[in-house]
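Structure file protein.pdb with PDB, C-alpha atoms and all ligand atoms:
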ATOM      1  CA  MET A   1      12.959  13.915  14.989
ATOM      2  CA  LYS A   2      10.902  14.571  11.877
ATOM      3  CA  LEU A   3       7.460  13.037  11.528
ATOM      4  CA  LEU A   4       6.847  11.531   8.087
ATOM      5  CA  ASP A   5       3.284  12.764   7.823
ATOM      6  CA  GLY A   6       1.581  10.283   5.506
ATOM      7  CA  LYS A   7      -1.801  11.829   6.018
ATOM      8  CA  LYS A   8      -0.608  15.229   4.842
ATOM      9  CA  ILE A   9       1.381  13.898   1.876
ATOM     10  CA  ALA A  10      -1.537  11.651   0.878
ATOM     11  CA  ASN A  11      -3.778  14.734   0.865
ATOM     12  CA  ASP A  12      -1.233  16.629  -1.267
ATOM     13  CA  ILE A  13      -1.171  13.735  -3.755
ATOM     14  CA  LYS A  14      -4.961  13.582  -3.881
ATOM     15  CA  ASP A  15      -5.074  17.332  -4.546
ATOM     16  CA  GLU A  16      -2.579  16.906  -7.383
ATOM     17  CA  ILE A  17      -4.625  14.077  -8.884
ATOM     18  CA  ALA A  18      -7.817  16.149  -8.544
ATOM     19  CA  VAL A  19      -6.222  18.875 -10.684
ATOM     20  CA  GLU A  20      -5.389  16.321 -13.387
ATOM     21  CA  VAL A  21      -8.916  14.924 -13.286
ATOM     22  CA  ALA A  22     -10.379  18.410 -13.620
ATOM     23  CA  ASN A  23      -8.147  18.951 -16.669
ATOM     24  CA  MET A  24      -9.328  15.655 -18.166
ATOM     25  CA  LYS A  25     -12.934  16.689 -17.655
ATOM     26  CA  ALA A  26     -12.333  20.120 -19.159
ATOM     27  CA  ALA A  27     -10.784  18.469 -22.220
ATOM     28  CA  GLY A  28     -13.859  16.270 -22.568
ATOM     29  CA  GLU A  29     -11.910  13.127 -21.706
ATOM     30  CA  LYS A  30     -13.185  10.198 -19.712
ATOM     31  CA  VAL A  31     -12.172  10.391 -16.030
ATOM     32  CA  PRO A  32     -10.502   7.424 -14.247
ATOM     33  CA  HIS A  33     -12.837   4.734 -12.954
ATOM     34  CA  LEU A  34     -11.737   2.506 -10.064
ATOM     35  CA  ALA A  35     -13.661  -0.561  -8.936
ATOM     36  CA  ALA A  36     -13.199  -2.571  -5.755
ATOM     37  CA  VAL A  37     -14.454  -6.075  -5.124
ATOM     38  CA  LEU A  38     -15.094  -6.969  -1.505
ATOM     39  CA  VAL A  39     -16.148 -10.473  -0.492
ATOM     40  CA  GLY A  40     -17.651 -10.769   2.969
ATOM     41  CA  ASN A  41     -17.817  -8.322   5.859
ATOM     42  CA  ASP A  42     -14.382  -8.170   7.472
ATOM     43  CA  GLY A  43     -14.351  -5.009   9.604
ATOM     44  CA  ALA A  44     -10.964  -3.668   8.535
ATOM     45  CA  SER A  45     -11.667  -4.423   4.858
ATOM     46  CA  LEU A  46     -14.960  -2.526   5.043
ATOM     47  CA  THR A  47     -13.084   0.466   6.483
ATOM     48  CA  TYR A  48     -10.401   0.485   3.754
ATOM     49  CA  VAL A  49     -12.813  -0.032   0.886
ATOM     50  CA  GLY A  50     -15.121   2.673   2.240
ATOM     51  CA  SER A  51     -12.180   5.026   2.451
ATOM     52  CA  LYS A  52     -11.199   4.262  -1.156
ATOM     53  CA  VAL A  53     -14.711   5.044  -2.393
ATOM     54  CA  ARG A  54     -14.782   8.341  -0.442
ATOM     55  CA  SER A  55     -11.387   9.333  -1.831
ATOM     56  CA  CYS A  56     -12.578   8.633  -5.396
ATOM     57  CA  LYS A  57     -15.520  10.984  -4.908
ATOM     58  CA  ARG A  58     -13.287  13.689  -3.508
ATOM     59  CA  ILE A  59     -10.873  13.729  -6.440
ATOM     60  CA  GLY A  60     -13.472  13.302  -9.177
ATOM     61  CA  PHE A  61     -12.926   9.628 -10.088
ATOM     62  CA  GLU A  62     -15.786   7.338 -10.929
ATOM     63  CA  SER A  63     -15.946   4.423  -8.504
ATOM     64  CA  THR A  64     -17.807   1.156  -8.254
ATOM     65  CA  LEU A  65     -18.010  -1.054  -5.197
ATOM     66  CA  ILE A  66     -18.915  -4.665  -5.814
ATOM     67  CA  HIS A  67     -19.814  -6.110  -2.437
ATOM     68  CA  LEU A  68     -20.383  -9.861  -2.570
ATOM     69  CA  PRO A  69     -21.588 -12.143   0.233
ATOM     70  CA  GLU A  70     -19.154 -14.240   2.275
ATOM     71  CA  GLU A  71     -20.566 -17.445   0.670
ATOM     72  CA  THR A  72     -19.645 -16.337  -2.879
ATOM     73  CA  THR A  73     -18.068 -19.267  -4.736
ATOM     74  CA  GLU A  74     -14.672 -19.075  -6.370
ATOM     75  CA  GLU A  75     -16.368 -19.634  -9.720
ATOM     76  CA  ASP A  76     -18.702 -16.665  -9.216
ATOM     77  CA  LEU A  77     -15.857 -14.413  -8.112
ATOM     78  CA  LEU A  78     -13.837 -15.405 -11.189
ATOM     79  CA  LYS A  79     -16.861 -14.515 -13.337
ATOM     80  CA  GLN A  80     -17.018 -11.124 -11.643
ATOM     81  CA  VAL A  81     -13.303 -10.584 -12.326
ATOM     82  CA  GLN A  82     -13.796 -11.521 -15.976
ATOM     83  CA  ALA A  83     -16.677  -9.064 -16.239
ATOM     84  CA  LEU A  84     -14.428  -6.289 -14.898
ATOM     85  CA  ASN A  85     -11.700  -7.250 -17.382
ATOM     86  CA  ASP A  86     -14.241  -7.036 -20.212
ATOM     87  CA  ASN A  87     -15.820  -3.770 -19.051
ATOM     88  CA  ASP A  88     -14.173  -0.935 -20.996
ATOM     89  CA  ALA A  89     -15.580   1.650 -18.583
ATOM     90  CA  ILE A  90     -13.358   0.325 -15.755
ATOM     91  CA  ASP A  91      -9.717   1.515 -15.847
ATOM     92  CA  GLY A  92      -8.516  -0.376 -12.815
ATOM     93  CA  TYR A  93      -9.809  -2.513  -9.993
ATOM     94  CA  ILE A  94      -8.728  -4.342  -6.883
ATOM     95  CA  VAL A  95      -9.964  -7.492  -5.201
ATOM     96  CA  GLN A  96      -9.713  -6.716  -1.509
ATOM     97  CA  LEU A  97      -7.650  -9.221   0.478
ATOM     98  CA  PRO A  98      -7.902 -11.390   2.474
ATOM     99  CA  LEU A  99     -10.509 -13.486   0.638
ATOM    100  CA  PRO A 100     -12.631 -16.087   2.462
ATOM    101  CA  ARG A 101     -10.762 -19.354   3.004
ATOM    102  CA  HIS A 102     -12.779 -21.338   0.444
ATOM    103  CA  ILE A 103     -11.465 -19.127  -2.375
ATOM    104  CA  ASP A 104      -8.002 -19.646  -3.889
ATOM    105  CA  GLU A 105      -6.433 -16.188  -3.731
ATOM    106  CA  GLN A 106      -3.756 -17.023  -6.289
ATOM    107  CA  LYS A 107      -6.309 -18.151  -8.864
ATOM    108  CA  VAL A 108      -8.180 -14.883  -8.490
ATOM    109  CA  LEU A 109      -5.081 -12.678  -8.722
ATOM    110  CA  MET A 110      -3.985 -14.568 -11.840
ATOM    111  CA  ALA A 111      -7.353 -13.813 -13.472
ATOM    112  CA  VAL A 112      -6.992 -10.030 -13.173
ATOM    113  CA  ASP A 113      -6.066  -8.271 -16.422
ATOM    114  CA  PRO A 114      -2.513  -6.949 -15.754
ATOM    115  CA  ASN A 115      -3.472  -3.685 -17.497
ATOM    116  CA  LYS A 116      -6.198  -3.113 -14.903
ATOM    117  CA  ASP A 117      -4.248  -4.507 -11.945
ATOM    118  CA  VAL A 118      -3.825  -1.275  -9.982
ATOM    119  CA  ASP A 119      -2.788  -3.321  -6.915
ATOM    120  CA  GLY A 120       0.244  -4.557  -8.873
ATOM    121  CA  PHE A 121      -0.310  -8.082  -7.524
ATOM    122  CA  HIS A 122      -0.396  -9.954 -10.870
ATOM    123  CA  PRO A 123       2.865 -11.831 -11.656
ATOM    124  CA  THR A 124       3.213  -9.823 -14.874
ATOM    125  CA  ASN A 125       3.343  -6.570 -12.923
ATOM    126  CA  PHE A 126       5.441  -8.018 -10.122
ATOM    127  CA  GLY A 127       7.920  -9.410 -12.652
ATOM    128  CA  LYS A 128       8.096  -6.145 -14.576
ATOM    129  CA  MET A 129       8.718  -4.273 -11.338
ATOM    130  CA  ALA A 130      11.571  -6.645 -10.468
ATOM    131  CA  LEU A 131      13.063  -6.018 -13.923
ATOM    132  CA  ASP A 132      12.801  -2.203 -13.639
ATOM    133  CA  MET A 133      10.156  -2.109 -16.379
ATOM    134  CA  GLN A 134       7.051   0.087 -16.357
ATOM    135  CA  SER A 135       4.314  -1.639 -14.350
ATOM    136  CA  PHE A 136       1.835  -1.027 -11.567
ATOM    137  CA  ILE A 137       3.711  -0.887  -8.262
ATOM    138  CA  PRO A 138       1.811  -2.236  -5.230
ATOM    139  CA  ALA A 139       0.281   0.726  -3.413
ATOM    140  CA  THR A 140       1.871   0.275   0.017
ATOM    141  CA  PRO A 141       5.503  -0.001  -1.150
ATOM    142  CA  PHE A 142       4.818   2.706  -3.774
ATOM    143  CA  GLY A 143       3.534   4.919  -0.959
ATOM    144  CA  ILE A 144       6.621   4.296   1.155
ATOM    145  CA  MET A 145       8.916   5.248  -1.753
ATOM    146  CA  GLU A 146       6.895   8.399  -2.387
ATOM    147  CA  LEU A 147       6.973   9.377   1.289
ATOM    148  CA  LEU A 148      10.782   8.999   1.388
ATOM    149  CA  ARG A 149      11.113  10.972  -1.839
ATOM    150  CA  ARG A 150       8.913  13.866  -0.747
ATOM    151  CA  TYR A 151      10.746  14.207   2.576
ATOM    152  CA  GLN A 152      14.071  13.901   0.704
ATOM    153  CA  VAL A 153      15.254  11.081   2.921
ATOM    154  CA  GLU A 154      18.676   9.933   1.670
ATOM    155  CA  THR A 155      18.530   6.277   0.632
ATOM    156  CA  GLU A 156      21.554   5.949  -1.660
ATOM    157  CA  GLY A 157      24.170   3.624  -0.207
ATOM    158  CA  LYS A 158      22.212   3.341   3.040
ATOM    159  CA  HIS A 159      21.465   0.042   4.719
ATOM    160  CA  THR A 160      17.738  -0.719   4.663
ATOM    161  CA  VAL A 161      16.464  -3.537   6.841
ATOM    162  CA  VAL A 162      13.006  -4.821   5.913
ATOM    163  CA  ILE A 163      11.136  -6.903   8.494
ATOM    164  CA  GLY A 164       8.613  -9.257   6.881
ATOM    165  CA  ARG A 165       8.551 -10.909   3.447
ATOM    166  CA  SER A 166       4.877 -10.640   2.468
ATOM    167  CA  HIS A 167       3.985 -10.426  -1.214
ATOM    168  CA  ILE A 168       2.266  -7.082  -0.768
ATOM    169  CA  VAL A 169       4.839  -5.214   1.340
ATOM    170  CA  GLY A 170       8.120  -6.820   2.441
ATOM    171  CA  ARG A 171       9.150  -8.526  -0.783
ATOM    172  CA  PRO A 172       8.268  -5.638  -3.138
ATOM    173  CA  ILE A 173       9.772  -2.918  -0.912
ATOM    174  CA  SER A 174      13.010  -4.922  -0.751
ATOM    175  CA  ILE A 175      13.112  -4.822  -4.568
ATOM    176  CA  LEU A 176      12.232  -1.137  -4.865
ATOM    177  CA  MET A 177      14.718  -0.013  -2.221
ATOM    178  CA  SER A 178      17.551  -1.761  -4.044
ATOM    179  CA  GLN A 179      16.743  -0.393  -7.499
ATOM    180  CA  LYS A 180      19.394   1.561  -9.345
ATOM    181  CA  GLY A 181      19.344   4.629 -11.546
ATOM    182  CA  LYS A 182      17.302   7.509 -10.176
ATOM    183  CA  ALA A 183      15.763   5.150  -7.636
ATOM    184  CA  ALA A 184      16.674   4.281  -4.055
ATOM    185  CA  ASN A 185      20.091   2.625  -4.518
ATOM    186  CA  SER A 186      19.891   1.273  -1.006
ATOM    187  CA  THR A 187      21.587  -1.860   0.332
ATOM    188  CA  VAL A 188      18.798  -4.154   1.464
ATOM    189  CA  THR A 189      18.523  -6.918   4.043
ATOM    190  CA  LEU A 190      15.190  -8.759   4.016
ATOM    191  CA  THR A 191      14.550 -10.290   7.437
ATOM    192  CA  HIS A 192      11.654 -12.480   8.554
ATOM    193  CA  SER A 193      10.383 -14.895  11.190
ATOM    194  CA  ARG A 194      13.282 -17.328  10.641
ATOM    195  CA  THR A 195      15.999 -14.672  10.863
ATOM    196  CA  GLN A 196      18.465 -15.411  13.656
ATOM    197  CA  ASP A 197      19.402 -12.495  15.914
ATOM    198  CA  LEU A 198      17.172  -9.946  14.184
ATOM    199  CA  ARG A 199      18.395  -7.123  16.416
ATOM    200  CA  ALA A 200      21.927  -7.527  15.069
ATOM    201  CA  TYR A 201      20.469  -6.295  11.752
ATOM    202  CA  THR A 202      18.074  -3.656  13.045
ATOM    203  CA  GLN A 203      20.780  -2.130  15.272
ATOM    204  CA  LYS A 204      22.934  -1.523  12.178
ATOM    205  CA  ALA A 205      20.109  -0.277   9.929
ATOM    206  CA  ASP A 206      19.987   3.265   8.546
ATOM    207  CA  ILE A 207      16.384   2.672   7.443
ATOM    208  CA  ILE A 208      13.944   0.129   8.911
ATOM    209  CA  VAL A 209      10.720  -0.887   7.158
ATOM    210  CA  SER A 210       8.665  -2.949   9.581
ATOM    211  CA  ALA A 211       5.782  -4.939   8.073
ATOM    212  CA  LEU A 212       5.180  -7.554  10.702
ATOM    213  CA  GLY A 213       1.845  -6.812  12.362
ATOM    214  CA  VAL A 214       3.050  -7.280  15.934
ATOM    215  CA  PRO A 215       2.247  -4.273  18.158
ATOM    216  CA  ASP A 216       5.233  -2.621  19.883
ATOM    217  CA  PHE A 217       7.650  -5.153  18.408
ATOM    218  CA  LEU A 218      10.460  -2.741  17.561
ATOM    219  CA  LYS A 219      11.939  -1.275  20.747
ATOM    220  CA  ALA A 220      14.393   1.574  21.228
ATOM    221  CA  ASP A 221      17.293  -0.732  22.154
ATOM    222  CA  MET A 222      16.946  -2.452  18.757
ATOM    223  CA  VAL A 223      17.757   0.675  16.711
ATOM    224  CA  LYS A 224      20.609   3.120  16.377
ATOM    225  CA  GLU A 225      20.577   6.881  16.827
ATOM    226  CA  GLY A 226      19.383   8.699  13.664
ATOM    227  CA  VAL A 227      17.529   5.731  12.143
ATOM    228  CA  VAL A 228      14.661   6.272   9.665
ATOM    229  CA  ILE A 229      11.590   4.274  10.700
ATOM    230  CA  ILE A 230       8.779   3.224   8.358
ATOM    231  CA  ASP A 231       6.057   1.468  10.349
ATOM    232  CA  VAL A 232       3.767  -0.545   8.067
ATOM    233  CA  GLY A 233       2.156  -2.580  10.840
ATOM    234  CA  ILE A 234      -1.494  -1.842  11.518
ATOM    235  CA  THR A 235      -3.101  -3.867  14.282
ATOM    236  CA  ARG A 236      -6.501  -3.303  15.804
ATOM    237  CA  VAL A 237      -6.298  -3.791  19.547
ATOM    238  CA  ALA A 238      -9.591  -4.340  21.385
ATOM    239  CA  ASP A 239     -10.191  -1.566  23.920
ATOM    240  CA  ALA A 240     -13.610  -1.004  25.485
ATOM    241  CA  SER A 241     -12.720   2.576  26.454
ATOM    242  CA  GLN A 242     -12.499   3.586  22.752
ATOM    243  CA  LYS A 243     -15.578   4.718  20.864
ATOM    244  CA  LYS A 244     -14.955   2.171  18.101
ATOM    245  CA  GLY A 245     -14.108  -0.565  20.598
ATOM    246  CA  TYR A 246     -10.480  -0.736  19.433
ATOM    247  CA  TYR A 247      -7.428   1.369  18.786
ATOM    248  CA  ILE A 248      -4.894   1.085  15.968
ATOM    249  CA  THR A 249      -1.220   0.589  16.606
ATOM    250  CA  GLY A 250       1.911  -0.136  14.594
ATOM    251  CA  ASP A 251       4.914  -2.469  14.965
ATOM    252  CA  VAL A 252       7.028   0.237  16.566
ATOM    253  CA  ASP A 253       7.182   1.421  20.178
ATOM    254  CA  PHE A 254       6.656   4.967  18.906
ATOM    255  CA  ASN A 255       7.171   6.860  22.180
ATOM    256  CA  GLU A 256      10.638   5.432  22.803
ATOM    257  CA  VAL A 257      11.882   4.798  19.249
ATOM    258  CA  SER A 258      10.926   8.321  18.115
ATOM    259  CA  LYS A 259      13.476   9.709  20.606
ATOM    260  CA  LYS A 260      16.289   8.068  18.624
ATOM    261  CA  ALA A 261      14.900   8.307  15.084
ATOM    262  CA  SER A 262      15.740  11.063  12.586
ATOM    263  CA  HIS A 263      12.455  10.355  10.740
ATOM    264  CA  ILE A 264       9.480   8.197  11.717
ATOM    265  CA  THR A 265       5.988   7.417  10.385
ATOM    266  CA  PRO A 266       3.087   7.470  12.859
ATOM    267  CA  VAL A 267       0.316   4.857  13.017
ATOM    268  CA  PRO A 268      -2.357   5.841  12.189
ATOM    269  CA  GLY A 269      -1.599   8.657   9.739
ATOM    270  CA  GLY A 270       1.562   7.242   8.144
ATOM    271  CA  VAL A 271       1.796   4.499   5.547
ATOM    272  CA  GLY A 272      -1.963   3.673   5.584
ATOM    273  CA  PRO A 273      -3.202   6.908   3.985
ATOM    274  CA  MET A 274      -0.294   6.753   1.486
ATOM    275  CA  THR A 275      -1.507   3.319   0.371
ATOM    276  CA  ILE A 276      -4.855   4.770  -0.631
ATOM    277  CA  ALA A 277      -3.286   7.791  -2.365
ATOM    278  CA  MET A 278      -1.019   5.553  -4.468
ATOM    279  CA  LEU A 279      -3.878   3.262  -5.424
ATOM    280  CA  LEU A 280      -5.561   6.371  -6.842
ATOM    281  CA  LYS A 281      -2.303   7.353  -8.537
ATOM    282  CA  ASN A 282      -2.126   3.898 -10.164
ATOM    283  CA  THR A 283      -5.700   4.286 -11.380
ATOM    284  CA  LEU A 284      -4.816   7.637 -12.953
ATOM    285  CA  LEU A 285      -1.815   5.974 -14.629
ATOM    286  CA  ALA A 286      -4.085   3.158 -15.845
ATOM    287  CA  ARG A 287      -6.445   5.699 -17.432
ATOM    288  CA  GLU A 288      -3.534   7.487 -19.117
ATOM    289  CA  ARG A 289      -2.036   4.219 -20.374
ATOM    290  CA  HIS A 290      -5.396   3.066 -21.734
ATOM    291  CA  SER A 291      -5.999   6.300 -23.623
ATOM    292  CA  SER A 292      -2.559   6.603 -25.205
ATOM    293  CA  PRO A 293      -1.479   4.211 -27.936
ATOM    294  CA  SER A 294       1.618   1.956 -27.421
TER     295      SER A 294
HETATM  296  N1  LIG A 301      -6.287  -5.913  -2.668
HETATM  297  C1  LIG A 301      -5.845  -5.275  -1.594
HETATM  298  N2  LIG A 301      -5.089  -4.151  -1.758
HETATM  299  C2  LIG A 301      -4.636  -3.462  -0.661
HETATM  300  O1  LIG A 301      -3.934  -2.430  -0.799
HETATM  301  C3  LIG A 301      -4.982  -3.939   0.646
HETATM  302  C4  LIG A 301      -5.748  -5.106   0.743
HETATM  303  N3  LIG A 301      -6.149  -5.742  -0.387
HETATM  304  N4  LIG A 301      -6.073  -5.605   1.944
HETATM  305  C5  LIG A 301      -5.659  -4.974   3.179
HETATM  306  C6  LIG A 301      -4.428  -4.088   3.020
HETATM  307  C7  LIG A 301      -4.312  -3.020   4.086
HETATM  308  N5  LIG A 301      -4.532  -1.755   3.402
HETATM  309  C8  LIG A 301      -4.679  -0.525   4.045
HETATM  310  C9  LIG A 301      -5.162   0.594   3.414
HETATM  311  C10 LIG A 301      -5.371   1.783   4.090
HETATM  312  C11 LIG A 301      -5.102   1.882   5.428
HETATM  313  C12 LIG A 301      -5.367   3.150   6.163
HETATM  314  O2  LIG A 301      -5.868   4.124   5.620
HETATM  315  N6  LIG A 301      -5.088   3.212   7.476
HETATM  316  C13 LIG A 301      -5.365   4.351   8.339
HETATM  317  C14 LIG A 301      -6.278   3.934   9.490
HETATM  318  C15 LIG A 301      -7.540   3.275   9.018
HETATM  319  C16 LIG A 301      -8.404   2.681  10.141
HETATM  320  O3  LIG A 301      -9.021   3.467  10.879
HETATM  321  O4  LIG A 301      -8.457   1.431  10.276
HETATM  322  C17 LIG A 301      -4.068   4.896   8.895
HETATM  323  O5  LIG A 301      -3.085   4.121   8.984
HETATM  324  O6  LIG A 301      -4.017   6.053   9.255
HETATM  325  C18 LIG A 301      -4.597   0.785   6.074
HETATM  326  C19 LIG A 301      -4.373  -0.401   5.391
HETATM  327  C20 LIG A 301      -4.704  -1.996   2.084
HETATM  328  N7  LIG A 301      -4.582  -3.296   1.799
END

In structure tokens, what does this structure look like?
Amino acid sequence: MKLLDGKKIANDIKDEIAVEVANMKAAGEKVPHLAAVLVGNDGASLTYVGSKVRSCKRIGFESTLIHLPEETTEEDLLKQVQALNDNDAIDGYIVQLPLPRHIDEQKVLMAVDPNKDVDGFHPTNFGKMALDMQSFIPATPFGIMELLRRYQVETEGKHTVVIGRSHIVGRPISILMSQKGKAANSTVTLTHSRTQDLRAYTQKADIIVSALGVPDFLKADMVKEGVVIIDVGITRVADASQKKGYYITGDVDFNEVSKKASHITPVPGGVGPMTIAMLLKNTLLARERHSSPS
């Protein structure tokens, strides 16, 4: 069994980006500037956004955190988004999800300038991705593809079973895994909560991408020997014996499934850190695309 060490690969990627940023600085160029908008005080969101800001510092990016109160109106958030679109100093930004219930998420995502949409959530970027055109690829699926590539996991002709059809993971990874050319060339089955007899699919899968958010959902008897496991689930489970009051766990029964898997991502330390690294990568790409004509 080989551990797909997202934490290590994410650090490698950050080091590579840091070198490029240093070169930009040395050439007197503007360095990438990432902004994040956070509405409210959701615990997990605070953790992720904090981690993004720290990573920016480490690799030499400029970063701006716009932290708005929970009561922020949709109108005010849309104004903030417009201001970021208009601000030439900002190369890319994200609006952290989930947003408070009184704000229409779709309206906000639609308002983001596609050229600054380093989350890749705007329909223009999503559509371009689906058509194999240059775009911003959502950070989590981008991170999964990069992890598979760097560990040279064979995907061509393999059967990939995706569990979950969310807009930010399941749906885009199903598109990326099926892409042709130099890409994954995998045969994809996208399963979800209405799938009948899910285990009939997972038992046949060469690669499983689980993005469900149900702890310990995927058990050893649901997979075949030699399977590649990508665990995207991240659930905080309350536990008074932990310093933070919770522990983090994935969708996969790691102890048992890892005995059968050829490759497996841990949680934490797998897909999560890769998500942050690829967000930074997208911001670097945004800077490069903004500074070159075309
Ligand atoms: N606009 C937007 N873009 C996102 O990309 C986005 C979002 N909203 N909302 C929430 C999800 C989730 N997400 C994660 C990022 C890093 C870790 C991560 O670093 N996880 C660590 C553990 C972190 C912890 O201690 O909680 C790990 O798996 O090792 C996890 C999850 C980005 N998301």

Taking the file as shown, find all residues satisfying the PyMOL selection byres (((not hetatm)) within 9 of (chain A and resi 301)) and write them as a JSON list (two decimals) with C-alpha atoms, keeping the file's coordinate frame.
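Below is the file that was written, expr.json:
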[["chain", "number", "residue", "atom", "x", "y", "z"],
["A", 6, "GLY", "CA", 1.58, 10.28, 5.51],
["A", 7, "LYS", "CA", -1.80, 11.83, 6.02],
["A", 36, "ALA", "CA", -13.20, -2.57, -5.76],
["A", 37, "VAL", "CA", -14.45, -6.08, -5.12],
["A", 38, "LEU", "CA", -15.09, -6.97, -1.50],
["A", 43, "GLY", "CA", -14.35, -5.01, 9.60],
["A", 44, "ALA", "CA", -10.96, -3.67, 8.54],
["A", 45, "SER", "CA", -11.67, -4.42, 4.86],
["A", 47, "THR", "CA", -13.08, 0.47, 6.48],
["A", 48, "TYR", "CA", -10.40, 0.48, 3.75],
["A", 49, "VAL", "CA", -12.81, -0.03, 0.89],
["A", 51, "SER", "CA", -12.18, 5.03, 2.45],
["A", 52, "LYS", "CA", -11.20, 4.26, -1.16],
["A", 93, "TYR", "CA", -9.81, -2.51, -9.99],
["A", 94, "ILE", "CA", -8.73, -4.34, -6.88],
["A", 95, "VAL", "CA", -9.96, -7.49, -5.20],
["A", 96, "GLN", "CA", -9.71, -6.72, -1.51],
["A", 97, "LEU", "CA", -7.65, -9.22, 0.48],
["A", 98, "PRO", "CA", -7.90, -11.39, 2.47],
["A", 99, "LEU", "CA", -10.51, -13.49, 0.64],
["A", 118, "VAL", "CA", -3.82, -1.27, -9.98],
["A", 119, "ASP", "CA", -2.79, -3.32, -6.92],
["A", 120, "GLY", "CA", 0.24, -4.56, -8.87],
["A", 121, "PHE", "CA", -0.31, -8.08, -7.52],
["A", 138, "PRO", "CA", 1.81, -2.24, -5.23],
["A", 139, "ALA", "CA", 0.28, 0.73, -3.41],
["A", 140, "THR", "CA", 1.87, 0.28, 0.02],
["A", 168, "ILE", "CA", 2.27, -7.08, -0.77],
["A", 232, "VAL", "CA", 3.77, -0.55, 8.07],
["A", 233, "GLY", "CA", 2.16, -2.58, 10.84],
["A", 234, "ILE", "CA", -1.49, -1.84, 11.52],
["A", 235, "THR", "CA", -3.10, -3.87, 14.28],
["A", 236, "ARG", "CA", -6.50, -3.30, 15.80],
["A", 247, "TYR", "CA", -7.43, 1.37, 18.79],
["A", 248, "ILE", "CA", -4.89, 1.08, 15.97],
["A", 249, "THR", "CA", -1.22, 0.59, 16.61],
["A", 250, "GLY", "CA", 1.91, -0.14, 14.59],
["A", 266, "PRO", "CA", 3.09, 7.47, 12.86],
["A", 267, "VAL", "CA", 0.32, 4.86, 13.02],
["A", 268, "PRO", "CA", -2.36, 5.84, 12.19],
["A", 269, "GLY", "CA", -1.60, 8.66, 9.74],
["A", 270, "GLY", "CA", 1.56, 7.24, 8.14],
["A", 271, "VAL", "CA", 1.80, 4.50, 5.55],
["A", 272, "GLY", "CA", -1.96, 3.67, 5.58],
["A", 273, "PRO", "CA", -3.20, 6.91, 3.98],
["A", 274, "MET", "CA", -0.29, 6.75, 1.49],
["A", 275, "THR", "CA", -1.51, 3.32, 0.37],
["A", 276, "ILE", "CA", -4.86, 4.77, -0.63],
["A", 279, "LEU", "CA", -3.88, 3.26, -5.42]]

(message) Rounded to one decimal, what separation in Å do you get between CA of Ile137 in chain A and CA of Arg171 in chain A?
(response) 12.0 Å

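Residue membership of the PyMOL selection byres (((chain A and resi 124-129) around 10) and not hetatm) in the shown file amounts to Met110, Asp113, Pro114, Asn115, Asp117, Val118, Asp119, Gly120, Phe121, His122, Pro123, Ala130, Leu131, Asp132, Met133, Gln134, Ser135, Phe136, Ile137, Pro138, His167, Ile168, Pro172, Ile175, Leu176 and Gln179 of chain A.
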
(message) Which residue is closest to Ile229 in chain A? Choose from A:Leu109, A:Leu4, A:Leu34, A:Val169 and count all atoms listed in the file.
(response) A:Leu4

Would you list the contacts of Gly40 in chain A as a JSON list (two decimals) with C-alpha atoms, in the frame of the given file, taking every protein, DNA or RNA residue within 9 Å and counting all atoms listed in the file, but skipping same-chain residues closer than 4 positions in sequence?
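Listed below is the output, result10.json:
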[["chain", "number", "residue", "atom", "x", "y", "z"],
["A", 45, "SER", "CA", -11.67, -4.42, 4.86],
["A", 46, "LEU", "CA", -14.96, -2.53, 5.04],
["A", 67, "HIS", "CA", -19.81, -6.11, -2.44],
["A", 68, "LEU", "CA", -20.38, -9.86, -2.57],
["A", 69, "PRO", "CA", -21.59, -12.14, 0.23],
["A", 70, "GLU", "CA", -19.15, -14.24, 2.28],
["A", 71, "GLU", "CA", -20.57, -17.44, 0.67],
["A", 72, "THR", "CA", -19.64, -16.34, -2.88],
["A", 99, "LEU", "CA", -10.51, -13.49, 0.64],
["A", 100, "PRO", "CA", -12.63, -16.09, 2.46]]

(request) Counting all atoms listed in the file, figure out which residue out of A:Gly170, A:Gly50, A:Gly164, A:Gly157 gets nearest to Ser193 in chain A. (result) A:Gly164

Would you mind completing range 22-28 of chain A to N, CA and C atoms and writing the output as a PDB file, in the coordinates of the input?
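Output file rebuild_25.pdb follows:
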ATOM      1  N   ALA A  22      -9.635  17.228 -13.160  1.00  0.00           N
ATOM      2  CA  ALA A  22     -10.379  18.410 -13.620  1.00  0.00           C
ATOM      3  C   ALA A  22      -9.954  18.780 -15.040  1.00  0.00           C
ATOM      4  N   ASN A  23      -8.648  18.669 -15.310  1.00  0.00           N
ATOM      5  CA  ASN A  23      -8.147  18.951 -16.669  1.00  0.00           C
ATOM      6  C   ASN A  23      -8.706  17.957 -17.680  1.00  0.00           C
ATOM      7  N   MET A  24      -8.771  16.684 -17.282  1.00  0.00           N
ATOM      8  CA  MET A  24      -9.328  15.655 -18.166  1.00  0.00           C
ATOM      9  C   MET A  24     -10.774  15.983 -18.507  1.00  0.00           C
ATOM     10  N   LYS A  25     -11.521  16.350 -17.470  1.00  0.00           N
ATOM     11  CA  LYS A  25     -12.934  16.689 -17.655  1.00  0.00           C
ATOM     12  C   LYS A  25     -13.082  17.868 -18.605  1.00  0.00           C
ATOM     13  N   ALA A  26     -12.267  18.901 -18.351  1.00  0.00           N
ATOM     14  CA  ALA A  26     -12.333  20.120 -19.159  1.00  0.00           C
ATOM     15  C   ALA A  26     -12.025  19.824 -20.616  1.00  0.00           C
ATOM     16  N   ALA A  27     -11.159  18.836 -20.848  1.00  0.00           N
ATOM     17  CA  ALA A  27     -10.784  18.469 -22.220  1.00  0.00           C
ATOM     18  C   ALA A  27     -11.785  17.488 -22.825  1.00  0.00           C
ATOM     19  N   GLY A  28     -12.840  17.182 -22.076  1.00  0.00           N
ATOM     20  CA  GLY A  28     -13.859  16.270 -22.568  1.00  0.00           C
ATOM     21  C   GLY A  28     -13.431  14.815 -22.556  1.00  0.00           C
TER      22      GLY A  28
END
